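*Asks:* So here's upload-v6.cif (mmCIF, C-alpha atoms).
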data_run
loop_
_atom_site.group_PDB
_atom_site.id
_atom_site.type_symbol
_atom_site.label_atom_id
_atom_site.label_comp_id
_atom_site.auth_asym_id
_atom_site.auth_seq_id
_atom_site.Cartn_x
_atom_site.Cartn_y
_atom_site.Cartn_z
ATOM 1 C CA MET A 1320 12.562 -8.227 18.033
ATOM 2 C CA PRO A 1321 13.025 -12.002 18.521
ATOM 3 C CA GLN A 1322 15.975 -13.706 16.850
ATOM 4 C CA ILE A 1323 13.476 -15.985 15.087
ATOM 5 C CA LEU A 1324 10.087 -14.527 14.162
ATOM 6 C CA VAL A 1325 7.297 -16.602 12.606
ATOM 7 C CA GLN A 1326 3.895 -15.044 11.861
ATOM 8 C CA ASP A 1327 0.890 -16.739 10.222
ATOM 9 C CA LEU A 1328 3.062 -19.290 8.432
ATOM 10 C CA ALA A 1329 1.152 -21.349 5.836
ATOM 11 C CA LYS A 1330 2.255 -24.181 3.572
ATOM 12 C CA THR A 1331 0.304 -26.629 1.400
ATOM 13 C CA PHE A 1332 1.402 -29.614 -0.670
ATOM 14 C CA ARG A 1333 -0.180 -31.485 -3.548
ATOM 15 C CA VAL A 1334 0.025 -35.243 -3.071
ATOM 16 C CA ALA A 1335 -0.852 -37.942 -5.572
ATOM 17 C CA GLU A 1336 -3.502 -40.583 -4.819
ATOM 18 C CA ARG A 1337 -4.179 -43.868 -6.546
ATOM 19 C CA GLU A 1338 -7.076 -46.284 -6.415
ATOM 20 C CA ARG A 1339 -6.421 -49.775 -5.120
ATOM 21 C CA GLY A 1340 -5.740 -52.740 -7.411
ATOM 22 C CA ALA A 1341 -4.536 -53.185 -10.980
ATOM 23 C CA LEU A 1342 -7.433 -51.206 -12.429
ATOM 24 C CA GLY A 1343 -6.603 -48.334 -10.092
ATOM 25 C CA ALA A 1344 -2.992 -48.408 -11.303
ATOM 26 C CA VAL A 1345 -4.114 -48.163 -14.941
ATOM 27 C CA ARG A 1346 -6.467 -45.291 -14.154
ATOM 28 C CA GLY A 1347 -3.639 -43.569 -12.310
ATOM 29 C CA LEU A 1348 -1.500 -43.688 -15.445
ATOM 30 C CA LEU A 1349 -4.231 -42.089 -17.532
ATOM 31 C CA ARG A 1350 -5.453 -39.552 -15.007
ATOM 32 C CA ARG A 1351 -3.586 -38.848 -11.808
ATOM 33 C CA ARG A 1352 -5.687 -37.868 -8.820
ATOM 34 C CA GLN A 1353 -4.279 -35.330 -6.396
ATOM 35 C CA ARG A 1354 -5.372 -33.754 -3.169
ATOM 36 C CA THR A 1355 -4.169 -30.726 -1.221
ATOM 37 C CA VAL A 1356 -2.632 -31.187 2.209
ATOM 38 C CA GLU A 1357 -2.408 -28.156 4.495
ATOM 39 C CA ALA A 1358 0.848 -28.773 6.365
ATOM 40 C CA LEU A 1359 0.847 -25.405 8.171
ATOM 41 C CA LYS A 1360 -2.181 -23.229 8.926
ATOM 42 C CA GLY A 1361 -1.197 -19.905 10.433
ATOM 43 C CA VAL A 1362 1.696 -20.965 12.695
ATOM 44 C CA SER A 1363 3.120 -18.101 14.778
ATOM 45 C CA PHE A 1364 5.844 -17.968 17.432
ATOM 46 C CA GLY A 1365 9.029 -16.144 18.389
ATOM 47 C CA LEU A 1366 12.352 -17.357 19.713
ATOM 48 C CA GLU A 1367 14.778 -15.140 21.605
ATOM 49 C CA GLN A 1368 18.537 -15.438 21.309
ATOM 50 C CA GLY A 1369 19.902 -18.161 23.593
ATOM 51 C CA GLU A 1370 16.581 -19.999 24.019
ATOM 52 C CA LEU A 1371 16.251 -23.766 23.714
ATOM 53 C CA LEU A 1372 12.791 -24.556 22.380
ATOM 54 C CA GLY A 1373 11.205 -27.992 22.177
ATOM 55 C CA PHE A 1374 8.966 -28.249 19.094
ATOM 56 C CA ILE A 1375 6.782 -31.344 19.394
ATOM 57 C CA GLY A 1376 3.767 -32.931 17.780
ATOM 58 C CA PRO A 1377 2.539 -36.178 16.190
ATOM 59 C CA ASN A 1378 3.641 -37.376 12.769
ATOM 60 C CA GLY A 1379 2.387 -35.071 10.036
ATOM 61 C CA ALA A 1380 1.827 -32.155 12.431
ATOM 62 C CA GLY A 1381 4.120 -29.777 10.487
ATOM 63 C CA LYS A 1382 7.321 -29.880 12.556
ATOM 64 C CA SER A 1383 9.777 -30.788 9.802
ATOM 65 C CA THR A 1384 8.023 -28.472 7.334
ATOM 66 C CA THR A 1385 8.558 -25.584 9.745
ATOM 67 C CA ILE A 1386 12.241 -26.478 10.186
ATOM 68 C CA LYS A 1387 12.742 -26.657 6.410
ATOM 69 C CA ILE A 1388 11.166 -23.224 5.939
ATOM 70 C CA LEU A 1389 13.286 -21.743 8.725
ATOM 71 C CA SER A 1390 16.356 -23.310 7.087
ATOM 72 C CA GLY A 1391 15.531 -21.843 3.672
ATOM 73 C CA ILE A 1392 14.906 -25.238 2.057
ATOM 74 C CA LEU A 1393 11.181 -24.611 1.463
ATOM 75 C CA THR A 1394 9.273 -21.470 0.505
ATOM 76 C CA PRO A 1395 5.975 -20.966 2.365
ATOM 77 C CA ASP A 1396 2.685 -20.107 0.700
ATOM 78 C CA GLY A 1397 2.030 -17.291 3.136
ATOM 79 C CA GLY A 1398 3.131 -15.617 6.337
ATOM 80 C CA ARG A 1399 6.241 -13.868 7.560
ATOM 81 C CA VAL A 1400 9.528 -15.421 8.689
ATOM 82 C CA GLU A 1401 12.685 -13.645 9.771
ATOM 83 C CA VAL A 1402 15.785 -15.274 11.229
ATOM 84 C CA ASP A 1403 18.373 -12.783 12.476
ATOM 85 C CA GLY A 1404 16.724 -10.187 10.259
ATOM 86 C CA LEU A 1405 16.934 -12.350 7.111
ATOM 87 C CA VAL A 1406 14.192 -14.044 5.129
ATOM 88 C CA PRO A 1407 15.544 -17.612 4.845
ATOM 89 C CA TRP A 1408 14.407 -18.483 1.299
ATOM 90 C CA LYS A 1409 15.251 -15.037 -0.123
ATOM 91 C CA ASP A 1410 18.632 -14.471 1.560
ATOM 92 C CA ARG A 1411 19.604 -18.132 1.556
ATOM 93 C CA GLN A 1412 23.355 -17.785 1.011
ATOM 94 C CA ARG A 1413 23.818 -15.321 3.860
ATOM 95 C CA HIS A 1414 21.292 -17.183 5.995
ATOM 96 C CA VAL A 1415 22.888 -20.650 5.843
ATOM 97 C CA GLY A 1416 26.192 -19.190 6.988
ATOM 98 C CA ARG A 1417 24.573 -18.320 10.332
ATOM 99 C CA ILE A 1418 22.702 -21.540 11.047
ATOM 100 C CA GLY A 1419 23.471 -25.206 11.658
ATOM 101 C CA VAL A 1420 20.989 -27.932 10.747
ATOM 102 C CA VAL A 1421 20.923 -31.613 11.726
ATOM 103 C CA PHE A 1422 18.297 -33.950 10.272
ATOM 104 C CA GLY A 1423 18.299 -37.251 12.136
ATOM 105 C CA GLN A 1424 17.535 -39.309 9.023
ATOM 106 C CA ARG A 1425 19.820 -37.505 6.555
ATOM 107 C CA THR A 1426 23.536 -36.807 6.354
ATOM 108 C CA GLN A 1427 25.550 -33.830 5.158
ATOM 109 C CA LEU A 1428 28.819 -35.743 5.374
ATOM 110 C CA TRP A 1429 30.125 -37.639 2.336
ATOM 111 C CA TRP A 1430 29.260 -41.327 2.733
ATOM 112 C CA ASP A 1431 32.503 -42.824 1.390
ATOM 113 C CA LEU A 1432 34.932 -40.228 2.744
ATOM 114 C CA PRO A 1433 36.607 -40.282 6.154
ATOM 115 C CA VAL A 1434 34.945 -37.982 8.680
ATOM 116 C CA ILE A 1435 37.925 -35.607 8.760
ATOM 117 C CA ASP A 1436 37.760 -35.124 4.969
ATOM 118 C CA GLY A 1437 34.067 -34.303 5.258
ATOM 119 C CA PHE A 1438 34.878 -31.708 7.900
ATOM 120 C CA ASP A 1439 37.552 -30.174 5.658
ATOM 121 C CA LEU A 1440 35.155 -29.953 2.711
ATOM 122 C CA LEU A 1441 32.459 -28.266 4.793
ATOM 123 C CA ALA A 1442 34.970 -25.771 6.155
ATOM 124 C CA ALA A 1443 35.932 -24.903 2.572
ATOM 125 C CA ILE A 1444 32.275 -24.602 1.508
ATOM 126 C CA TYR A 1445 31.542 -22.226 4.398
ATOM 127 C CA ARG A 1446 34.854 -20.392 3.818
ATOM 128 C CA VAL A 1447 35.942 -20.756 7.426
ATOM 129 C CA GLU A 1448 39.366 -19.205 8.080
ATOM 130 C CA PRO A 1449 41.851 -22.127 8.446
ATOM 131 C CA ALA A 1450 43.133 -21.300 11.930
ATOM 132 C CA ALA A 1451 39.591 -20.740 13.250
ATOM 133 C CA TYR A 1452 38.465 -23.970 11.601
ATOM 134 C CA ARG A 1453 41.221 -26.042 13.189
ATOM 135 C CA GLU A 1454 40.496 -24.582 16.616
ATOM 136 C CA ARG A 1455 36.761 -25.148 16.257
ATOM 137 C CA ARG A 1456 37.206 -28.647 14.826
ATOM 138 C CA ASP A 1457 39.543 -29.753 17.600
ATOM 139 C CA GLU A 1458 37.167 -28.412 20.261
ATOM 140 C CA LEU A 1459 34.176 -30.251 18.761
ATOM 141 C CA VAL A 1460 36.140 -33.466 18.295
ATOM 142 C CA ALA A 1461 37.133 -33.410 21.961
ATOM 143 C CA LEU A 1462 33.659 -32.511 23.262
ATOM 144 C CA LEU A 1463 31.905 -35.158 21.144
ATOM 145 C CA ARG A 1464 34.629 -37.785 21.598
ATOM 146 C CA LEU A 1465 35.310 -38.236 17.886
ATOM 147 C CA GLU A 1466 39.102 -38.697 17.961
ATOM 148 C CA HIS A 1467 39.076 -42.395 17.023
ATOM 149 C CA LEU A 1468 36.452 -41.874 14.289
ATOM 150 C CA LEU A 1469 38.101 -39.148 12.205
ATOM 151 C CA HIS A 1470 39.768 -41.460 9.676
ATOM 152 C CA GLN A 1471 36.841 -43.881 9.250
ATOM 153 C CA PRO A 1472 34.508 -43.550 6.252
ATOM 154 C CA VAL A 1473 31.112 -42.266 7.316
ATOM 155 C CA ARG A 1474 29.414 -45.429 5.994
ATOM 156 C CA GLN A 1475 31.338 -47.512 8.566
ATOM 157 C CA LEU A 1476 30.085 -45.535 11.573
ATOM 158 C CA SER A 1477 27.299 -46.701 13.835
ATOM 159 C CA LEU A 1478 24.201 -44.517 13.958
ATOM 160 C CA GLY A 1479 25.240 -42.984 17.280
ATOM 161 C CA GLN A 1480 28.748 -42.252 16.024
ATOM 162 C CA ARG A 1481 27.405 -40.730 12.823
ATOM 163 C CA MET A 1482 24.979 -38.469 14.682
ATOM 164 C CA ARG A 1483 27.798 -37.105 16.844
ATOM 165 C CA ALA A 1484 29.806 -36.448 13.681
ATOM 166 C CA GLU A 1485 26.767 -34.804 12.049
ATOM 167 C CA ILE A 1486 26.331 -32.434 14.999
ATOM 168 C CA ALA A 1487 30.024 -31.502 14.833
ATOM 169 C CA SER A 1488 29.779 -30.870 11.087
ATOM 170 C CA ALA A 1489 26.796 -28.554 11.600
ATOM 171 C CA LEU A 1490 28.813 -26.429 14.040
ATOM 172 C CA LEU A 1491 32.152 -26.088 12.248
ATOM 173 C CA HIS A 1492 31.279 -22.602 10.979
ATOM 174 C CA ALA A 1493 30.208 -21.434 14.481
ATOM 175 C CA PRO A 1494 26.494 -20.797 13.786
ATOM 176 C CA SER A 1495 24.462 -18.789 16.261
ATOM 177 C CA ILE A 1496 21.326 -20.903 15.638
ATOM 178 C CA LEU A 1497 21.016 -24.688 15.578
ATOM 179 C CA PHE A 1498 18.015 -26.570 14.170
ATOM 180 C CA LEU A 1499 17.822 -30.191 15.343
ATOM 181 C CA ASP A 1500 15.235 -32.417 13.674
ATOM 182 C CA GLU A 1501 15.073 -35.799 15.472
ATOM 183 C CA PRO A 1502 18.792 -35.762 16.436
ATOM 184 C CA THR A 1503 18.539 -38.810 18.736
ATOM 185 C CA ILE A 1504 16.363 -41.038 16.548
ATOM 186 C CA GLY A 1505 17.520 -44.651 16.782
ATOM 187 C CA LEU A 1506 20.329 -43.936 19.236
ATOM 188 C CA ASP A 1507 21.111 -46.147 22.211
ATOM 189 C CA ALA A 1508 20.994 -44.767 25.762
ATOM 190 C CA PRO A 1509 24.699 -43.747 26.075
ATOM 191 C CA ALA A 1510 24.612 -41.983 22.689
ATOM 192 C CA LYS A 1511 21.415 -40.125 23.611
ATOM 193 C CA LEU A 1512 22.932 -38.951 26.886
ATOM 194 C CA ALA A 1513 26.059 -37.759 25.071
ATOM 195 C CA VAL A 1514 24.041 -35.781 22.510
ATOM 196 C CA ARG A 1515 21.763 -34.269 25.165
ATOM 197 C CA GLY A 1516 24.714 -33.237 27.313
ATOM 198 C CA PHE A 1517 26.457 -31.589 24.392
ATOM 199 C CA VAL A 1518 23.362 -29.687 23.229
ATOM 200 C CA LYS A 1519 22.727 -28.426 26.753
ATOM 201 C CA ARG A 1520 26.316 -27.257 27.112
ATOM 202 C CA LEU A 1521 26.245 -25.588 23.693
ATOM 203 C CA ASN A 1522 23.116 -23.676 24.669
ATOM 204 C CA ARG A 1523 24.026 -22.807 28.263
ATOM 205 C CA GLU A 1524 27.720 -21.984 27.852
ATOM 206 C CA HIS A 1525 27.921 -20.653 24.293
ATOM 207 C CA GLY A 1526 24.475 -19.050 23.977
ATOM 208 C CA VAL A 1527 23.536 -20.910 20.794
ATOM 209 C CA THR A 1528 19.802 -20.712 20.077
ATOM 210 C CA VAL A 1529 18.393 -24.222 19.622
ATOM 211 C CA LEU A 1530 15.120 -25.378 18.091
ATOM 212 C CA LEU A 1531 14.641 -29.083 18.774
ATOM 213 C CA THR A 1532 12.010 -31.353 17.235
ATOM 214 C CA THR A 1533 11.768 -34.892 18.542
ATOM 215 C CA HIS A 1534 9.413 -37.752 19.390
ATOM 216 C CA ASP A 1535 11.616 -38.671 22.359
ATOM 217 C CA MET A 1536 9.919 -36.904 25.247
ATOM 218 C CA HIS A 1537 12.955 -37.535 27.458
ATOM 219 C CA ASP A 1538 14.918 -35.215 25.133
ATOM 220 C CA ILE A 1539 12.318 -32.511 25.767
ATOM 221 C CA GLU A 1540 12.252 -33.110 29.512
ATOM 222 C CA ALA A 1541 16.055 -33.011 29.745
ATOM 223 C CA LEU A 1542 16.671 -29.982 27.531
ATOM 224 C CA ALA A 1543 13.730 -27.670 26.870
ATOM 225 C CA GLU A 1544 12.444 -25.076 29.303
ATOM 226 C CA ARG A 1545 9.787 -23.999 26.813
ATOM 227 C CA VAL A 1546 7.765 -26.165 24.452
ATOM 228 C CA ILE A 1547 5.518 -25.564 21.480
ATOM 229 C CA VAL A 1548 3.025 -28.306 20.671
ATOM 230 C CA ILE A 1549 1.841 -28.377 17.068
ATOM 231 C CA GLY A 1550 -0.982 -30.446 15.638
ATOM 232 C CA HIS A 1551 -2.900 -30.397 12.356
ATOM 233 C CA GLY A 1552 -0.622 -27.564 11.201
ATOM 234 C CA ARG A 1553 -1.543 -25.254 14.095
ATOM 235 C CA VAL A 1554 0.121 -24.264 17.365
ATOM 236 C CA LEU A 1555 -1.851 -25.947 20.151
ATOM 237 C CA ALA A 1556 0.274 -24.797 23.087
ATOM 238 C CA ASP A 1557 3.246 -22.513 23.720
ATOM 239 C CA SER A 1558 4.398 -22.422 27.339
ATOM 240 C CA PRO A 1559 7.132 -23.377 29.801
ATOM 241 C CA PHE A 1560 7.392 -27.141 30.054
ATOM 242 C CA GLU A 1561 6.337 -27.339 33.702
ATOM 243 C CA GLU A 1562 3.306 -25.146 33.025
ATOM 244 C CA LEU A 1563 2.207 -27.485 30.247
ATOM 245 C CA ARG A 1564 2.581 -30.460 32.566
ATOM 246 C CA ALA A 1565 0.587 -28.756 35.343
ATOM 247 C CA ASN A 1566 -2.233 -27.716 33.001
ATOM 248 C CA VAL A 1567 -2.583 -31.090 31.307
ATOM 249 C CA LEU A 1568 -2.065 -33.595 34.098
ATOM 250 C CA ALA A 1569 -1.764 -32.166 37.613
ATOM 251 C CA GLU A 1570 -2.027 -35.481 39.436
ATOM 252 C CA ARG A 1571 0.870 -37.130 41.249
ATOM 253 C CA ARG A 1572 1.624 -40.797 41.839
ATOM 254 C CA LEU A 1573 2.271 -42.208 45.306
ATOM 255 C CA PHE A 1574 4.079 -45.557 45.417
ATOM 256 C CA VAL A 1575 3.830 -47.465 48.703
ATOM 257 C CA ASP A 1576 5.540 -50.707 49.739
ATOM 258 C CA PHE A 1577 3.909 -52.234 52.846
ATOM 259 C CA GLU A 1578 5.512 -54.636 55.284
ATOM 260 C CA GLY A 1579 2.804 -57.189 54.526
ATOM 261 C CA GLU A 1580 0.157 -57.688 51.849
ATOM 262 C CA ALA A 1581 -1.033 -54.373 50.390
ATOM 263 C CA PRO A 1582 -4.343 -53.416 52.041
ATOM 264 C CA GLU A 1583 -7.483 -52.258 50.290
ATOM 265 C CA LEU A 1584 -7.248 -48.475 50.429
ATOM 266 C CA VAL A 1585 -10.377 -46.328 50.139
ATOM 267 C CA ILE A 1586 -9.417 -42.662 50.484
ATOM 268 C CA PRO A 1587 -11.590 -39.800 49.143
ATOM 269 C CA GLY A 1588 -9.911 -38.048 46.199
ATOM 270 C CA VAL A 1589 -7.361 -40.854 45.725
ATOM 271 C CA ALA A 1590 -7.484 -43.502 42.972
ATOM 272 C CA VAL A 1591 -5.751 -46.875 43.095
ATOM 273 C CA ARG A 1592 -3.856 -47.297 39.808
ATOM 274 C CA ALA A 1593 -2.201 -50.624 40.546
ATOM 275 C CA ARG A 1594 -1.996 -53.142 43.388
ATOM 276 C CA ALA A 1595 0.248 -56.216 43.470
ATOM 277 C CA GLY A 1596 1.669 -58.119 46.422
ATOM 278 C CA ARG A 1597 2.950 -55.655 48.964
ATOM 279 C CA SER A 1598 2.925 -52.662 46.601
ATOM 280 C CA VAL A 1599 0.286 -50.173 45.552
ATOM 281 C CA GLU A 1600 0.280 -47.182 43.205
ATOM 282 C CA LEU A 1601 -2.072 -44.284 44.008
ATOM 283 C CA ALA A 1602 -3.011 -41.224 41.953
ATOM 284 C CA PHE A 1603 -4.055 -37.949 43.562
ATOM 285 C CA ASP A 1604 -4.298 -34.227 42.892
ATOM 286 C CA PRO A 1605 -2.088 -32.375 45.404
ATOM 287 C CA ALA A 1606 -4.364 -29.327 45.134
ATOM 288 C CA THR A 1607 -7.211 -31.275 46.761
ATOM 289 C CA VAL A 1608 -5.338 -33.981 48.674
ATOM 290 C CA PRO A 1609 -2.093 -32.621 50.189
ATOM 291 C CA ALA A 1610 0.745 -35.119 49.876
ATOM 292 C CA PRO A 1611 1.944 -34.814 53.511
ATOM 293 C CA ALA A 1612 -1.559 -35.506 54.843
ATOM 294 C CA LEU A 1613 -1.986 -38.510 52.515
ATOM 295 C CA ILE A 1614 1.359 -40.009 53.512
ATOM 296 C CA ALA A 1615 0.689 -39.411 57.206
ATOM 297 C CA ARG A 1616 -2.721 -41.103 57.009
ATOM 298 C CA ILE A 1617 -1.383 -44.217 55.248
ATOM 299 C CA ALA A 1618 1.617 -44.524 57.588
ATOM 300 C CA ALA A 1619 -0.597 -44.131 60.663
ATOM 301 C CA GLU A 1620 -3.024 -46.863 59.580
ATOM 302 C CA HIS A 1621 -0.656 -49.443 58.028
ATOM 303 C CA PRO A 1622 2.942 -50.654 58.552
ATOM 304 C CA VAL A 1623 4.922 -49.085 55.670
ATOM 305 C CA GLN A 1624 8.324 -50.201 54.395
ATOM 306 C CA ASP A 1625 8.910 -47.555 51.698
ATOM 307 C CA ILE A 1626 7.009 -44.671 50.141
ATOM 308 C CA HIS A 1627 7.768 -42.125 47.414
ATOM 309 C CA ILE A 1628 6.033 -39.670 45.058
ATOM 310 C CA GLU A 1629 6.533 -39.283 41.310
ATOM 311 C CA GLU A 1630 5.113 -37.037 38.616
ATOM 312 C CA PRO A 1631 3.393 -38.745 35.651
ATOM 313 C CA ALA A 1632 5.779 -39.767 32.880
ATOM 314 C CA ILE A 1633 6.230 -37.081 30.232
ATOM 315 C CA GLU A 1634 4.916 -39.489 27.553
ATOM 316 C CA GLU A 1635 1.675 -39.776 29.518
ATOM 317 C CA VAL A 1636 1.369 -35.991 29.783
ATOM 318 C CA ILE A 1637 1.853 -35.457 26.055
ATOM 319 C CA ALA A 1638 -0.436 -38.348 25.126
ATOM 320 C CA ARG A 1639 -3.157 -36.842 27.344
ATOM 321 C CA PHE A 1640 -2.630 -33.457 25.679
ATOM 322 C CA TYR A 1641 -3.009 -34.957 22.195
ATOM 323 C CA GLU A 1642 -6.130 -36.782 23.337
ATOM 324 C CA GLN A 1643 -7.642 -33.547 24.646
ATOM 325 C CA HIS A 1644 -6.953 -31.722 21.385
ATOM 326 C CA GLY A 1645 -7.677 -34.565 18.977
ATOM 327 C CA ALA A 1646 -4.144 -34.240 17.642
ATOM 328 C CA GLY A 1647 -3.403 -37.931 17.078
ATOM 329 C CA GLU A 1648 -0.661 -40.036 18.565
ATOM 330 C CA LEU A 1649 3.093 -39.815 18.797
#
Just give me the structure as structure tokens.
*Replies:*
Amino acid sequence: MPQILVQDLAKTFRVAERERGALGAVRGLLRRRQRTVEALKGVSFGLEQGELLGFIGPNGAGKSTTIKILSGILTPDGGRVEVDGLVPWKDRQRHVGRIGVVFGQRTQLWWDLPVIDGFDLLAAIYRVEPAAYRERRDELVALLRLEHLLHQPVRQLSLGQRMRAEIASALLHAPSILFLDEPTIGLDAPAKLAVRGFVKRLNREHGVTVLLTTHDMHDIEALAERVIVIGHGRVLADSPFEELRANVLAERRLFVDFEGEAPELVIPGVAVRARAGRSVELAFDPATVPAPALIARIAAEHPVQDIHIEEPAIEEVIARFYEQHGAGEL
């Protein structure tokens, strides 16, 4: 049985609506209009111990709702969920002792307390044995480079510093499962690299199961071997990342720098994406136009200074997938 099992998960919300203008506001006071939003419509998947799953989709697709149900914060309207044999919202006290959760736009540390005091409080809440806590804390502080931040109030930290502290706080009780909801939102490039490197090490070396939701497709490309794409409350795809890329957008890009002005290239099965000065960008499907033959033909007919092949950017792949399934935009 998978470590995380989700079957036919359903969740709806009632949201208030109001007519525009002052008259609409008055009517809203007298009689509030509401509509039902189906956040999840039969979502099913499994996650084995030690997997790192990328869970992606446009805004409003149901990603955060799923994470909150798996964490025990929300109760679904229907379906089955088991995490390490526990039902999250029924066995919440036992369940939260086994998981770590990081929400990119929320904090579990105390805003006005130094980071180290927040760590101490969480260790007491989770009843972590003091010697084990100190060992775990010191390891996390070293790995996430938090030494110089421990005695600063959380409110004085930059976003990148706070996110590193949040990840450490979620791991103080040594959970076997980590839920990350937008952990790199708003971070600069060095902070993102630090968080990605730590999550990868945590998963690869310590076997922690990770479920990652993010709009940053570079996070997915760097970390996840398997991805689930969700849209309109339903699972649209569940496959290895490279398989998703191959199925959605198989074409490759050939970038050529010529010694002189870029020539007009007319090659069957090859499209010119961009042409400027001495450079040209070509798109082709390697299944119909082999890359070695294409390169050899161009080099034989024109003086070439440099040439290289790239896969389409991951953002382009996911955008194409959403377009194909009518799932909206990132």
*Asks:* I need the residue nearest A:Leu1521 from this list: A:Pro1582, A:Gly1505, A:Gly1381, A:Pro1494. Use all atoms listed in the file for the distance.
*Replies:*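 Smallest distance to A:Leu1521 is found for A:Pro1494.
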*Asks:* Grab the atom CA of A:Leu1393 to atom CA of A:Ile1486 distance for me, in Å with one decimal place.
*Replies:*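 Calculated distance between atom CA of A:Leu1393 and atom CA of A:Ile1486 is 21.8 Å.
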*Asks:* Of the candidates A:Asn1378, A:Thr1533, A:Gln1368, A:Thr1426, which shows the shortest atom-to-atom distance to A:His1551, using only C-alpha atoms?
*Replies:*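 Nearest to A:His1551: A:Asn1378.
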*Asks:* Run through the PyMOL selection byres ((chain A and resi 1643) around 12) on the given coordinates and return the selected residues as a list in words.
*Replies:* Gly1550, Leu1555, Ala1556, Asn1566, Val1567, Leu1568, Val1636, Ile1637, Ala1638, Arg1639, Phe1640, Tyr1641, Glu1642, His1644, Gly1645, Ala1646, Gly1647 and Glu1648 of chain A
*Asks:* Any chance you could work out the axis-aligned box around stretch 1321-1335 of chain A, listed atoms only, 4 Å on each side, giving centre and edge lengths in Å to one decimal, as AutoDock Vina command-line options?
*Replies:*
--center_x 7.6 --center_y -25.0 --center_z 6.5 --size_x 24.8 --size_y 33.9 --size_z 32.1
*Asks:* Restricting the calculation to all atoms listed in the file, which member of A:Leu1371, A:Ala1487, A:Leu1459, A:Leu1601 is positioned closest to A:Leu1531?
*Replies:*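 Answer, going by the shortest atom-to-atom distance: A:Leu1371.
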*Asks:* For this file, the PyMOL selection byres ((chain A and resi 1385-1392) around 8) selects which residues, as number ranges by chain?
*Replies:* A: 1359, 1381-1384, 1393-1395, 1400, 1402, 1407-1409, 1411, 1414-1415, 1418, 1420, 1498, 1500
*Asks:* For A:Glu1357, work out the shell of residues within 8 Å, counting only C-alpha atoms and skipping chain neighbours fewer than 6 positions away, then give it as a PyMOL selection string.
*Replies:* chain A and resi 1329-1332+1552
*Asks:* Could you tell me, as a list in words, exactly which residues end up selected when the PyMOL selection byres ((chain A and resi 1421) around 9) is applied to this structure?
*Replies:* Gly1419, Val1420, Phe1422, Gly1423, Gln1424, Arg1425, Thr1426, Gln1427, Met1482, Glu1485, Ile1486, Ser1488, Ala1489, Leu1497, Phe1498, Leu1499, Asp1500, Glu1501 and Pro1502 of chain A
*Asks:* Record the distance separating atom CA of A:Ala1451 and atom CA of A:Leu1491, expressed in Å with one decimal.
*Replies:*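 Between these atoms lies a distance of 9.2 Å.
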*Asks:* Is it possible to get the residues within 9 Å of (10.1, -16.9, 14.9) (coordinates as in the file, counting all atoms listed in the file) written as number ranges by chain?
*Replies:* A: 1321-1326, 1363-1367, 1389, 1399-1402
*Asks:* Keeping C-alpha atoms for every residue in the selection just given, could you write it to a file as a PDB file, in the coordinates of the input?
*Replies:*
ATOM      1  CA  PRO A1321      13.025 -12.002  18.521  1.00  0.00           C
ATOM      2  CA  GLN A1322      15.975 -13.706  16.850  1.00  0.00           C
ATOM      3  CA  ILE A1323      13.476 -15.985  15.087  1.00  0.00           C
ATOM      4  CA  LEU A1324      10.087 -14.527  14.162  1.00  0.00           C
ATOM      5  CA  VAL A1325       7.297 -16.602  12.606  1.00  0.00           C
ATOM      6  CA  GLN A1326       3.895 -15.044  11.861  1.00  0.00           C
ATOM      7  CA  SER A1363       3.120 -18.101  14.778  1.00  0.00           C
ATOM      8  CA  PHE A1364       5.844 -17.968  17.432  1.00  0.00           C
ATOM      9  CA  GLY A1365       9.029 -16.144  18.389  1.00  0.00           C
ATOM     10  CA  LEU A1366      12.352 -17.357  19.713  1.00  0.00           C
ATOM     11  CA  GLU A1367      14.778 -15.140  21.605  1.00  0.00           C
ATOM     12  CA  LEU A1389      13.286 -21.743   8.725  1.00  0.00           C
ATOM     13  CA  ARG A1399       6.241 -13.868   7.560  1.00  0.00           C
ATOM     14  CA  VAL A1400       9.528 -15.421   8.689  1.00  0.00           C
ATOM     15  CA  GLU A1401      12.685 -13.645   9.771  1.00  0.00           C
ATOM     16  CA  VAL A1402      15.785 -15.274  11.229  1.00  0.00           C
TER      17      VAL A1402
END
*Asks:* Here is a test: counting all atoms listed in the file, which residue of A:Val1527, A:Leu1506, A:Ile1586, A:Val1575 is nearest to A:Val1599?
*Replies:*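 Of A:Val1527, A:Leu1506, A:Ile1586, A:Val1575, the one nearest A:Val1599 is A:Val1575, counting all atoms listed in the file.
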*Asks:* Set the distance at 8 Å and use all atoms listed in the file: which residues neighbour stretch 1603-1605 of chain A once local chain neighbours fewer than 6 positions away are removed? I'd like the list as JSON, numbers by chain.
*Replies:* {"A": [1569, 1570, 1571, 1572, 1573, 1588, 1589, 1590]}
